[in-house]
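What follows is a single structure, written as structure tokens, with notes after it.
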Amino acid sequence: MRLLPGLLATLLALACGAQTAHAANDDAIIPDRPSVTASSQVVGQGRVQLEIGANWDRERHGALHVRTLGTPTLLRIGLGDTTELRVETDGRSIARTFEPATGVRSTNAGWQSTAIGLKWHIADGEGQRPSLGLIGSVTLPTGSTALRGKGLLPRLELAAEWEISDDWSLAVTPGVGADVDDGGARFGYAVLAASLGRKLTERLQGFVELAAPRVASASHGGAQAQVDVGVSWLLNKNCQVDAMVVRGWNHDTPDLSLAFGLSVRR
């Protein structure tokens with residue numbers, strides 16, 4: 001998703017600069033970023049919400065060190081009170097590789113594929129019953145040749161949230177998806193994440209998450225596992241910033257990741 005810098009800067013300034021009359025009596029913005037777990041809520045009929053970020057990953061595979069910078073972007077458009085249209089991409093990806101044994105350095109850059117999807121808010125939470133949302137998407141074979149997927153790649157996730165108390169919340173997101181390996185073979189994978197959130201102030205919230213973003217057979221990349229800690233700060237009802245630190249648990253996961261993001265709503 002290539003957004004002109006001037007247009008994007010103008011949008012962010014307008015969205016964060018002031019409260020709009022449309023949002024005067026509504027709840028605050030609820031982004032799906034930055035964690036793996038997703039909110040069960042939709043943006044609401046007639047609303048448009050943009051969630052952008054910058055992710056930095058560090059991977060060390062024996063004699064190979066890789067640093068990757070990504071720019072994940074999610075556009076959410078409210079179709080009704082319980083449904084939204086979603087356009088999502090990891091945006092521009094820049095990977096820098098270093099081989100300590102030879103001193104060779106290389107850089108590869110390109111645009112990631114784009115996914116189109118829908119979110120359906122199934123039910124509100126009440127008591128011990130969670131708030132539920134269903135997210136379905138299909139990744140399209142778009143983007144740079146070296147980074148685009150092969151064919152249509154579906155993904156389905158269930159977002160479940162519990163309000164434990166006024167200050168504590170729990171979110172769980174299981175899911176399944178399909179991908180294609182380097183040899184052209186199609187395979188399935190699972191997703192599972194659980195996040196515990198804590199309201200620190202009226203505007204500041206922290207969370208800790210355990211996540212397996214992708215669980216597949218060893219021949220298809222194995223199981224990714226990570227723990228992450230982050231915070232989100234509500235600037236106003238329509239604008240929120242976030243930051244997150246991620247630690248990988250195994251060699252199939254980047255050993256360290258940092259994420260910073262901004263979410264705006266109109």
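Here's how to read the names in the structure tokens: chain A, B, ... by the order shown, residue numbers from 1 in each chain, ligand numbers from 1 in the order shown.
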Contacts of stretch 86-92 of chain A at 9 Å or less, counting only C-alpha atoms, minus same-chain residues fewer than 5 places along, as a list in words? Met1, Arg2, Leu69, Gly70, Thr71, Pro72, Thr73, Leu74, Leu75, Arg76, Ile77, Gly78, Ala109, Gly110, Trp111, Gln112, Ser113, Thr114, Ala115, Ile116, Gly117, Leu118, Lys119, Ser137, Thr139 and Gly143 of chain A
Test item, strand (DSSP E or B) assignment across stretch 123-215 of chain A, answer as JSON, numbers by chain: {"A": [123, 126, 129, 131, 132, 133, 134, 135, 136, 137, 138, 139, 153, 154, 155, 156, 157, 158, 159, 160, 161, 162, 163, 168, 169, 170, 171, 172, 173, 174, 175, 176, 177, 178, 179, 180, 186, 187, 188, 189, 190, 191, 192, 193, 194, 195, 196, 197, 198, 199, 204, 205, 206, 207, 208, 209, 210, 211, 212, 213, 214, 215]}
note - atom CA of A:Gly177 and atom CA of A:Arg60 are separated by 26.4 Å
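What separates atom CA of A:Cys239 from atom CA of A:Gly53 is a distance of 13.5 Å.
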For A:His121, the closest of A:Leu256, A:Ala159, A:Leu204, A:Leu170 counting only C-alpha atoms is A:Ala159
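For the atom pair formed by atom CA of A:Leu147 and atom CA of A:Thr68, the distance is 13.2 Å, given to one decimal.
In terms of minimum interatomic distance to A:Glu161, A:Ala123 ranks closest within A:Val138, A:Ala123, A:Val48, A:Ala211, counting only C-alpha atoms.
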